[in-house]
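Q: Below you'll find target05.txt; it's compact mmCIF, C-alpha atoms.
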```txt
# COMPACT_ATOMS: atom_id res chain seq x y z
CA MET F 102 -2.28 -42.09 8.32
CA ILE F 103 -3.57 -45.60 7.54
CA TRP F 104 -1.57 -48.62 8.67
CA LEU F 105 -1.88 -52.14 7.31
CA THR F 106 -0.72 -54.87 9.70
CA ALA F 107 -0.21 -58.60 9.24
CA SER F 108 -3.41 -59.40 11.13
CA GLN F 109 -5.45 -57.34 8.65
CA ALA F 110 -4.12 -59.42 5.76
CA ALA F 111 -4.69 -62.78 7.42
CA ALA F 112 -8.04 -63.54 5.82
CA SER F 113 -8.14 -65.19 2.37
CA GLY F 114 -10.43 -64.55 -0.59
CA LEU F 115 -11.95 -61.67 -2.52
CA LEU F 116 -13.87 -58.69 -1.15
CA PHE F 117 -15.74 -56.34 -3.48
CA SER F 118 -17.67 -53.21 -2.51
CA THR F 119 -19.34 -50.34 -4.33
CA LEU F 120 -20.64 -46.93 -3.28
CA PHE F 121 -22.74 -44.52 -5.34
CA LYS F 122 -23.81 -40.98 -4.48
CA ALA F 123 -26.07 -38.63 -6.43
CA GLY F 124 -27.75 -35.34 -5.59
CA LEU F 125 -28.25 -31.65 -6.19
CA GLU F 126 -26.09 -28.80 -4.90
CA VAL F 127 -26.23 -25.01 -4.77
CA ASP F 128 -22.84 -23.39 -5.49
CA THR F 129 -22.56 -19.68 -4.62
CA ASN F 130 -19.27 -19.23 -6.51
CA PRO F 131 -19.14 -21.80 -9.35
CA GLN F 132 -16.36 -19.97 -11.20
CA ARG F 133 -14.30 -19.50 -8.01
CA LEU F 134 -14.01 -15.77 -8.62
CA VAL F 135 -11.86 -13.67 -6.31
CA GLY F 136 -12.75 -10.18 -5.13
CA VAL F 137 -16.09 -9.96 -6.99
CA THR F 138 -19.62 -11.23 -6.46
CA SER F 139 -20.52 -14.42 -8.32
CA ASP F 140 -23.94 -15.68 -9.39
CA SER F 141 -25.06 -18.91 -7.75
CA ASP F 142 -25.80 -22.01 -9.79
CA LEU F 143 -27.51 -25.37 -9.34
CA VAL F 144 -25.32 -28.42 -9.80
CA GLU F 145 -26.03 -32.09 -10.44
CA ARG F 146 -23.41 -34.26 -8.73
CA PHE F 147 -22.53 -37.94 -8.74
CA PHE F 148 -19.80 -40.09 -7.21
CA LEU F 149 -19.04 -43.76 -7.85
CA GLN F 150 -16.51 -45.87 -5.93
CA ALA F 151 -15.59 -49.51 -6.46
CA ASP F 152 -13.01 -51.42 -4.39
CA LEU F 153 -11.62 -54.90 -4.87
CA ASP F 154 -9.44 -56.68 -2.29
CA HIS F 155 -7.72 -60.01 -2.77
CA GLN F 156 -6.38 -61.33 0.52
CA GLN F 157 -4.33 -64.40 1.34
CA PRO F 158 -2.16 -65.19 4.36
CA GLY F 159 0.79 -62.81 4.23
CA GLN F 160 -0.26 -60.85 1.15
CA MET F 161 -2.92 -58.53 -0.20
CA GLN F 162 -3.79 -56.77 -3.45
CA HIS F 163 -6.15 -53.81 -3.49
CA GLY F 164 -7.62 -51.90 -6.43
CA SER F 165 -9.90 -48.87 -6.36
CA ILE F 166 -11.79 -46.78 -8.92
CA ARG F 167 -13.42 -43.46 -8.06
CA LEU F 168 -15.39 -41.33 -10.51
CA GLY F 169 -16.93 -37.96 -9.67
CA GLY F 170 -18.84 -35.56 -11.88
CA LYS F 171 -20.59 -32.18 -11.73
CA ARG F 172 -22.98 -30.61 -14.26
CA PHE F 173 -23.90 -26.95 -13.84
CA TYR F 174 -27.20 -25.56 -15.10
CA ARG F 175 -25.86 -22.15 -16.25
CA THR F 176 -22.06 -22.09 -15.98
CA GLY F 177 -21.46 -25.04 -18.27
CA ASP F 178 -17.72 -24.38 -18.56
CA GLU F 179 -17.41 -25.56 -14.95
CA ASP F 180 -18.78 -29.04 -15.73
CA THR F 181 -16.20 -31.43 -14.28
CA LEU F 182 -15.26 -35.10 -14.42
CA ILE F 183 -12.65 -36.48 -12.00
CA ALA F 184 -11.28 -40.03 -12.20
CA ASP F 185 -9.07 -41.68 -9.56
CA LEU F 186 -7.42 -45.07 -10.01
CA SER F 187 -5.21 -46.72 -7.42
CA GLY F 188 -3.60 -50.07 -6.80
CA THR F 189 -1.71 -51.42 -3.79
CA ILE F 190 0.30 -54.62 -3.33
CA TRP F 191 1.31 -55.70 0.19
CA TYR F 192 3.49 -58.71 0.97
CA ARG F 193 4.83 -59.96 4.30
CA LEU F 194 8.49 -60.91 4.05
CA PHE F 195 8.55 -62.43 7.53
CA GLU F 196 7.03 -61.77 10.94
CA GLY F 197 6.91 -58.01 11.59
CA VAL F 198 8.39 -57.02 8.21
CA ALA F 199 6.44 -56.30 5.02
CA ILE F 200 6.98 -54.62 1.66
CA SER F 201 4.33 -52.69 -0.27
CA SER F 202 3.96 -50.62 -3.41
CA ARG F 203 1.25 -48.20 -4.48
CA LEU F 204 0.33 -46.61 -7.80
CA THR F 205 -2.17 -43.73 -8.12
CA VAL F 206 -3.56 -41.91 -11.16
CA ARG F 207 -5.88 -38.90 -11.11
CA ASP F 208 -7.36 -36.97 -14.03
CA ARG F 209 -9.47 -33.82 -13.78
CA THR F 210 -11.22 -32.47 -16.88
CA GLU F 211 -13.51 -29.43 -17.14
CA ARG F 212 -15.62 -28.39 -20.08
CA GLY F 213 -13.89 -24.99 -19.98
CA HIS F 214 -10.43 -26.53 -19.43
CA ILE F 215 -9.39 -23.84 -16.93
CA ARG F 216 -8.17 -26.15 -14.14
CA ASP F 217 -7.52 -29.41 -15.99
CA TYR F 218 -4.69 -31.59 -14.73
CA ALA F 219 -3.51 -35.19 -14.42
CA ARG F 220 -1.32 -36.66 -11.70
CA LEU F 221 0.61 -39.93 -11.56
CA GLY F 222 2.31 -41.17 -8.39
CA ALA F 223 4.10 -44.31 -7.23
CA ASN F 224 5.89 -45.38 -4.07
CA LEU F 225 7.62 -48.40 -2.59
CA GLY F 226 7.68 -48.93 1.16
CA LEU F 227 9.24 -51.23 3.72
CA THR F 228 7.23 -51.63 6.94
CA PHE F 229 8.43 -52.82 10.36
CA SER F 230 5.81 -53.67 13.01
CA PHE F 231 6.64 -54.39 16.64
CA ALA F 232 5.03 -53.87 20.09
CA GLY F 233 2.31 -51.57 18.81
CA PHE F 234 4.72 -49.51 16.66
CA HIS F 235 4.78 -49.28 12.87
CA VAL F 236 7.59 -47.75 10.82
CA ARG F 237 7.40 -47.36 7.04
CA ALA F 238 9.85 -45.69 4.66
CA GLY F 239 10.74 -45.75 0.99
CA PRO F 240 11.18 -43.88 -2.30
CA ALA F 241 8.46 -42.13 -4.32
CA ALA F 242 8.12 -40.65 -7.80
CA GLY F 243 5.46 -38.75 -9.70
CA TYR F 244 4.43 -36.67 -12.69
CA PHE F 245 2.07 -33.68 -12.76
CA LEU F 246 0.45 -32.58 -16.03
CA TYR F 247 -1.13 -29.11 -15.91
CA LYS F 248 -3.13 -29.05 -19.13
CA PRO F 249 -3.78 -25.27 -19.50
CA ASN F 250 -0.04 -24.48 -19.35
CA PRO F 251 2.46 -27.25 -20.26
CA ASP F 252 5.30 -25.15 -18.78
CA LEU F 253 3.91 -25.92 -15.30
CA CYS F 254 4.15 -29.69 -15.81
CA SER F 255 6.67 -31.36 -13.55
CA ARG F 256 8.27 -34.69 -12.75
CA SER F 257 9.35 -35.55 -9.23
CA VAL F 258 11.40 -37.97 -7.17
CA GLY F 259 11.64 -38.18 -3.41
CA GLY F 260 11.04 -40.29 -0.38
CA PHE F 261 9.03 -40.62 2.82
CA ALA F 262 9.26 -41.98 6.34
CA GLU F 263 6.41 -42.39 8.82
CA THR F 264 5.87 -44.06 12.14
CA GLY F 265 2.81 -44.75 14.24
CA TYR F 266 1.98 -46.12 17.66
CA HIS F 267 -1.24 -47.70 18.95
CA PRO F 268 -1.24 -47.37 22.77
CA SER F 269 -4.69 -48.96 22.85
CA ALA F 270 -7.37 -50.30 20.54
CA SER F 271 -8.97 -46.83 20.39
CA TRP F 272 -6.00 -44.47 20.17
CA SER F 273 -3.22 -44.02 17.63
CA VAL F 274 -0.54 -41.37 17.06
CA GLY F 275 1.91 -40.86 14.24
CA VAL F 276 4.58 -38.63 12.74
CA SER F 277 5.79 -38.42 9.15
CA TYR F 278 8.28 -36.71 6.84
CA SER F 279 8.41 -36.52 3.06
CA PHE F 280 10.78 -34.92 0.58
CA THR F 281 9.98 -34.19 -3.06
CA ASP F 282 12.32 -32.77 -5.70
CA ARG F 283 10.33 -31.38 -8.66
CA LEU F 284 11.75 -30.44 -12.05
CA TYR F 285 9.47 -28.26 -14.20
CA ARG F 286 9.32 -27.64 -17.92
CA GLN F 287 9.12 -23.96 -17.05
CA ARG F 288 12.37 -22.00 -17.17
CA GLN F 289 13.85 -20.56 -14.00
CA VAL F 290 12.17 -17.25 -13.08
CA PHE F 291 14.14 -14.39 -11.57
CA SER F 292 13.38 -10.78 -10.72
CA SER F 293 15.17 -7.92 -12.46
CA ALA F 294 14.86 -4.15 -12.62
CA THR F 295 12.55 -4.54 -15.64
CA GLY F 296 10.35 -7.22 -14.05
CA LEU F 297 10.23 -11.00 -14.05
CA ARG F 298 12.46 -12.75 -16.55
CA TYR F 299 13.21 -16.32 -17.59
CA ASP F 300 16.61 -17.96 -17.62
CA GLN F 301 16.55 -19.99 -20.82
CA ASP F 302 19.52 -22.11 -19.72
CA ASN F 303 18.00 -23.44 -16.48
CA ALA F 304 14.67 -25.05 -15.61
CA ARG F 305 12.65 -24.29 -12.51
CA GLN F 306 13.38 -26.76 -9.71
CA ASP F 307 11.62 -27.02 -6.33
CA ALA F 308 12.53 -28.97 -3.20
CA ASP F 309 9.49 -29.63 -1.00
CA HIS F 310 9.73 -30.77 2.64
CA VAL F 311 6.63 -31.80 4.66
CA VAL F 312 6.61 -32.76 8.36
CA GLY F 313 3.38 -34.15 9.80
CA ALA F 314 1.90 -35.34 13.09
CA SER F 315 -1.45 -36.98 13.81
CA VAL F 316 -3.56 -38.29 16.66
CA ALA F 317 -6.75 -40.33 16.22
CA TYR F 318 -9.47 -41.77 18.45
CA ASN F 319 -11.82 -44.50 17.24
CA GLY F 320 -14.44 -45.45 19.80
CA PRO F 321 -18.12 -44.54 20.23
CA PHE F 322 -17.20 -41.63 17.94
CA MET F 323 -14.20 -40.96 15.71
CA VAL F 324 -11.88 -37.93 15.75
CA ASN F 325 -8.66 -37.37 13.83
CA LEU F 326 -6.30 -34.38 14.08
CA ASP F 327 -3.56 -33.87 11.47
CA LEU F 328 -0.92 -31.13 11.59
CA TYR F 329 1.54 -30.40 8.77
CA TRP F 330 4.37 -27.96 8.19
CA GLN F 331 5.54 -27.56 4.60
CA ARG F 332 8.62 -25.76 3.33
CA ASN F 333 8.99 -25.34 -0.43
CA LEU F 334 12.36 -24.16 -1.70
CA SER F 335 12.90 -23.13 -5.31
CA ASN F 336 15.43 -21.58 -7.66
CA SER F 337 12.62 -19.41 -9.08
CA TYR F 338 11.22 -16.10 -7.85
CA GLY F 339 7.82 -16.27 -6.17
CA LYS F 340 7.86 -20.04 -5.61
CA ARG F 341 9.44 -20.22 -2.15
CA PHE F 342 6.97 -20.48 0.71
CA SER F 343 6.23 -21.95 4.14
CA ARG F 344 2.82 -23.40 4.94
CA PHE F 345 1.14 -24.67 8.12
CA ILE F 346 -1.96 -26.87 7.83
CA GLY F 347 -4.28 -28.06 10.58
CA ARG F 348 -7.06 -30.52 9.75
CA LEU F 349 -9.70 -31.93 12.09
CA THR F 350 -12.18 -34.64 11.07
CA GLY F 351 -14.80 -36.45 13.06
CA ALA F 352 -17.84 -38.71 12.89
CA PHE F 353 -20.47 -38.75 15.64
CA PRO F 354 -23.68 -40.78 16.12
CA LEU F 355 -26.81 -38.72 16.76
CA PRO F 356 -30.28 -39.69 18.00
CA TRP F 357 -32.71 -41.48 15.65
CA GLU F 358 -29.89 -43.13 13.66
CA PHE F 359 -28.49 -39.87 12.31
CA ILE F 360 -24.71 -39.62 11.81
CA ALA F 361 -22.79 -36.32 11.68
CA ASN F 362 -19.49 -35.95 9.83
CA LEU F 363 -17.34 -32.86 10.34
CA GLN F 364 -14.19 -31.71 8.60
CA GLY F 365 -12.35 -28.45 9.17
CA SER F 366 -9.09 -27.25 7.65
CA LEU F 367 -7.06 -24.14 8.46
CA GLN F 368 -3.81 -23.14 6.84
CA GLN F 369 -1.43 -20.24 6.70
CA THR F 370 1.05 -19.64 3.89
CA GLY F 371 3.88 -17.16 3.79
CA PHE F 372 5.72 -16.51 0.52
CA ASP F 373 9.34 -15.44 0.79
CA GLU F 374 8.87 -12.77 -1.87
CA GLY F 375 5.36 -11.91 -0.69
CA VAL F 376 3.70 -12.84 -3.98
CA LEU F 377 1.78 -15.74 -5.51
CA VAL F 378 2.56 -16.35 -9.17
CA ASP F 379 1.65 -20.02 -9.70
CA PRO F 380 -1.98 -20.99 -10.50
CA THR F 381 -1.36 -24.63 -9.55
CA PHE F 382 -1.20 -23.64 -5.86
CA THR F 383 -4.99 -23.14 -5.81
CA VAL F 384 -6.03 -25.45 -8.65
CA GLU F 385 -8.50 -26.98 -6.18
CA ASP F 386 -10.18 -25.79 -2.99
CA GLU F 387 -7.90 -28.13 -1.02
CA ASN F 388 -5.53 -25.16 -0.68
CA ARG F 389 -8.01 -22.94 1.16
CA ASN F 390 -9.55 -22.84 4.60
CA SER F 391 -12.66 -24.97 4.71
CA LEU F 392 -15.47 -26.32 6.88
CA VAL F 393 -17.68 -29.24 5.86
CA VAL F 394 -20.66 -30.49 7.90
CA ALA F 395 -22.66 -33.51 6.70
CA ILE F 396 -25.59 -35.36 8.28
CA SER F 397 -26.86 -38.69 6.98
CA ARG F 398 -29.47 -41.27 7.99
CA PRO F 399 -30.19 -44.78 6.69
CA ILE F 400 -33.42 -45.30 4.78
CA THR F 401 -32.90 -49.01 4.12
CA SER F 402 -30.00 -51.41 4.76
CA TRP F 403 -28.25 -50.16 1.61
CA LEU F 404 -29.62 -46.63 1.07
CA ARG F 405 -28.94 -43.43 3.03
CA ALA F 406 -29.99 -39.79 2.71
CA GLU F 407 -27.40 -37.05 3.16
CA ILE F 408 -27.36 -33.26 3.48
CA ARG F 409 -24.07 -31.35 3.47
CA TYR F 410 -22.85 -27.79 3.87
CA SER F 411 -19.35 -26.70 2.74
CA TRP F 412 -17.65 -23.34 3.19
CA TYR F 413 -14.36 -22.27 1.57
CA THR F 414 -12.45 -19.08 2.22
CA GLN F 415 -8.95 -17.86 1.56
CA GLU F 416 -6.14 -19.24 3.67
CA PHE F 417 -4.41 -17.01 6.20
CA GLY F 418 -1.45 -15.14 4.74
CA GLY F 419 -2.74 -15.38 1.17
CA ASP F 420 -3.55 -12.52 -1.17
CA GLU F 421 -7.18 -13.53 -1.88
CA SER F 422 -8.80 -12.40 1.35
CA THR F 423 -12.20 -11.75 -0.26
CA TYR F 424 -12.63 -15.28 -1.61
CA GLN F 425 -15.87 -16.97 -0.47
CA ARG F 426 -17.64 -20.11 -1.66
CA HIS F 427 -20.64 -21.88 -0.08
CA LEU F 428 -22.04 -25.26 -1.14
CA ILE F 429 -25.37 -26.72 0.00
CA TYR F 430 -25.96 -30.33 -1.06
CA GLY F 431 -28.70 -32.94 -0.69
CA GLY F 432 -28.66 -36.46 -2.09
CA LEU F 433 -28.73 -40.22 -1.65
CA ILE F 434 -25.99 -42.79 -0.94
CA ALA F 435 -26.27 -46.40 -2.15
CA ASP F 436 -23.78 -48.75 -0.47
CA SER F 437 -23.51 -52.37 -1.58
CA GLY F 438 -21.44 -53.41 1.43
CA GLU F 439 -18.86 -56.14 0.86
CA TRP F 440 -19.28 -59.16 -1.37
CA SER F 441 -16.88 -61.98 -0.55
CA GLY F 442 -15.82 -65.12 -2.37
CA GLN F 443 -13.02 -67.58 -2.89
CA GLY F 444 -10.90 -67.63 -6.04
CA ASP F 445 -12.55 -67.75 -9.48
CA ALA F 446 -15.95 -68.60 -8.01
CA ALA F 447 -16.36 -64.97 -6.95
CA TRP F 448 -15.87 -63.82 -10.53
CA SER F 449 -18.22 -66.41 -12.02
CA GLY F 450 -21.00 -65.59 -9.57
CA GLU F 451 -21.23 -69.13 -8.17
```
Using structure tokens, write down the structure from this file.
A:
Amino acid sequence: MIWLTASQAAASGLLFSTLFKAGLEVDTNPQRLVGVTSDSDLVERFFLQADLDHQQPGQMQHGSIRLGGKRFYRTGDEDTLIADLSGTIWYRLFEGVAISSRLTVRDRTERGHIRDYARLGANLGLTFSFAGFHVRAGPAAGYFLYKPNPDLCSRSVGGFAETGYHPSASWSVGVSYSFTDRLYRQRQVFSSATGLRYDQDNARQDADHVVGASVAYNGPFMVNLDLYWQRNLSNSYGKRFSRFIGRLTGAFPLPWEFIANLQGSLQQTGFDEGVLVDPTFTVEDENRNSLVVAISRPITSWLRAEIRYSWYTQEFGGDESTYQRHLIYGGLIADSGEWSGQGDAAWSGE
């Protein structure tokens, strides 16, 4: 959970920053095959991020662009381009009360078009800040476009509420709840004596509930623990499930200017009918157990070297127990830092 307070928006002017990563990676399961052995492949990877902040007393506008790409040497159908765009507007109504809105767009495109999708999301939030506490709540809406199968596209409406507390400068805790009602183009699915059938008069509709809790420490090192419980209800067979997710992230300084970043994720999913019949549940590795270890070191004031190891395996309770994927990456990170300016002068370069 990230909280924006009035003090963070007190400074005026423009801040611009860029980050670029490029390197080579070995992928032991580029096609994400289940239950069979996959041939490894070498991958060229890049990532570009640009952020622009405009801050004035009592208000802030933030825009971000993120582009990521992968090019495989042998399994060309897995070549991927991912684009993320986001914009946030924050405005203080009066002391301790602020309103904000956020718009996000993501597009994923593969050469083989097996896992292509686009996602659009928007929310509006009202934030109350007092005595170290923050409370934010509001409505949200979205649209999910699953390109390989238009029937799995959905539109959604819902809402969220979250609160956080900072007992000290180093510690923070928070809890959250979100509700999402999704209406699919797909017809309602039900089980019959002859198998799965579609009800042509009714569309599939899901109601998703997520409860979360987090605790974070930011001192000589950084650690963040997030816990989530998700309950997805549906009028369609095979779509009802409960999921528990635990995620631990950390950053630690090491001798000789090295920095270690760790991220681990464990989850367990139980389907009411005991089956998984929706490919969008595992459209990305974010829905599997994972461990990521990265070590970086500065070369110059703006350039760092990084090596990273990632491991993905099937979540607990799933039906893909033999899934394995290992990634070994090495590359460089170029970080511009922040460029600041006042008004139009920052755009003109003066």
Q: Looking at F:Leu120, F:Val394, F:Ala352, F:Val135, which one is nearest to Gly365 of chain F, with distances taken over only C-alpha atoms?
A: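 So, comparing all the options, the nearest one is F:Val394.
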Q: How close does each residue of segment 126-192 of chain F get to segment 226-247 of chain F, giving the shortest atom pair and distance in Å to one decimal for every residue with an atom at most 12 Å away, counting all atoms listed in the file, sorted by chain and residue number, as a tab-separated table?
A:
```
residue	atom	partner	partner_atom	distance
F:Thr189	CA	F:Gly226	CA	10.9
F:Ile190	CA	F:Gly226	CA	10.3
F:Trp191	CA	F:Gly226	CA	9.3
F:Tyr192	CA	F:Leu227	CA	9.8
```
Q: Go through F:Thr370, F:Ser315, F:Gln425, F:Ser397 one by one, measure the shortest atom-to-atom distance of each to Val137 of chain F using all atoms listed in the file, and give the residue with the smallest value.
A: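 Nearest to Val137 of chain F: F:Gln425.
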Q: Restricting the calculation to all atoms listed in the file, which member of F:Ile360, F:Lys171, F:Phe417, F:Tyr338 is positioned closest to Met323 of chain F?
A: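 Distance minimum relative to Met323 of chain F lands on F:Ile360.
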Q: Rounded to one decimal place, report the atom CA of Leu168 of chain F-atom CA of Gln415 of chain F distance in Å.
A: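 Computed distance, atom CA of Leu168 of chain F to atom CA of Gln415 of chain F, equals 27.2 Å.
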Q: What lies within 12 Å of Tyr413 of chain F using only C-alpha atoms, ignoring chain neighbours under 4 positions off, as an NGL selection string?
A: :F and (128-131 or 133 or 135 or 364-368 or 383 or 385-393 or 421-429)
Q: Between atom CA of Asn325 of chain F and atom CA of Ala435 of chain F, what is the distance in Å, rounded to a tenth?
A: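 Result for atom CA of Asn325 of chain F versus atom CA of Ala435 of chain F: 25.4 Å, one decimal.
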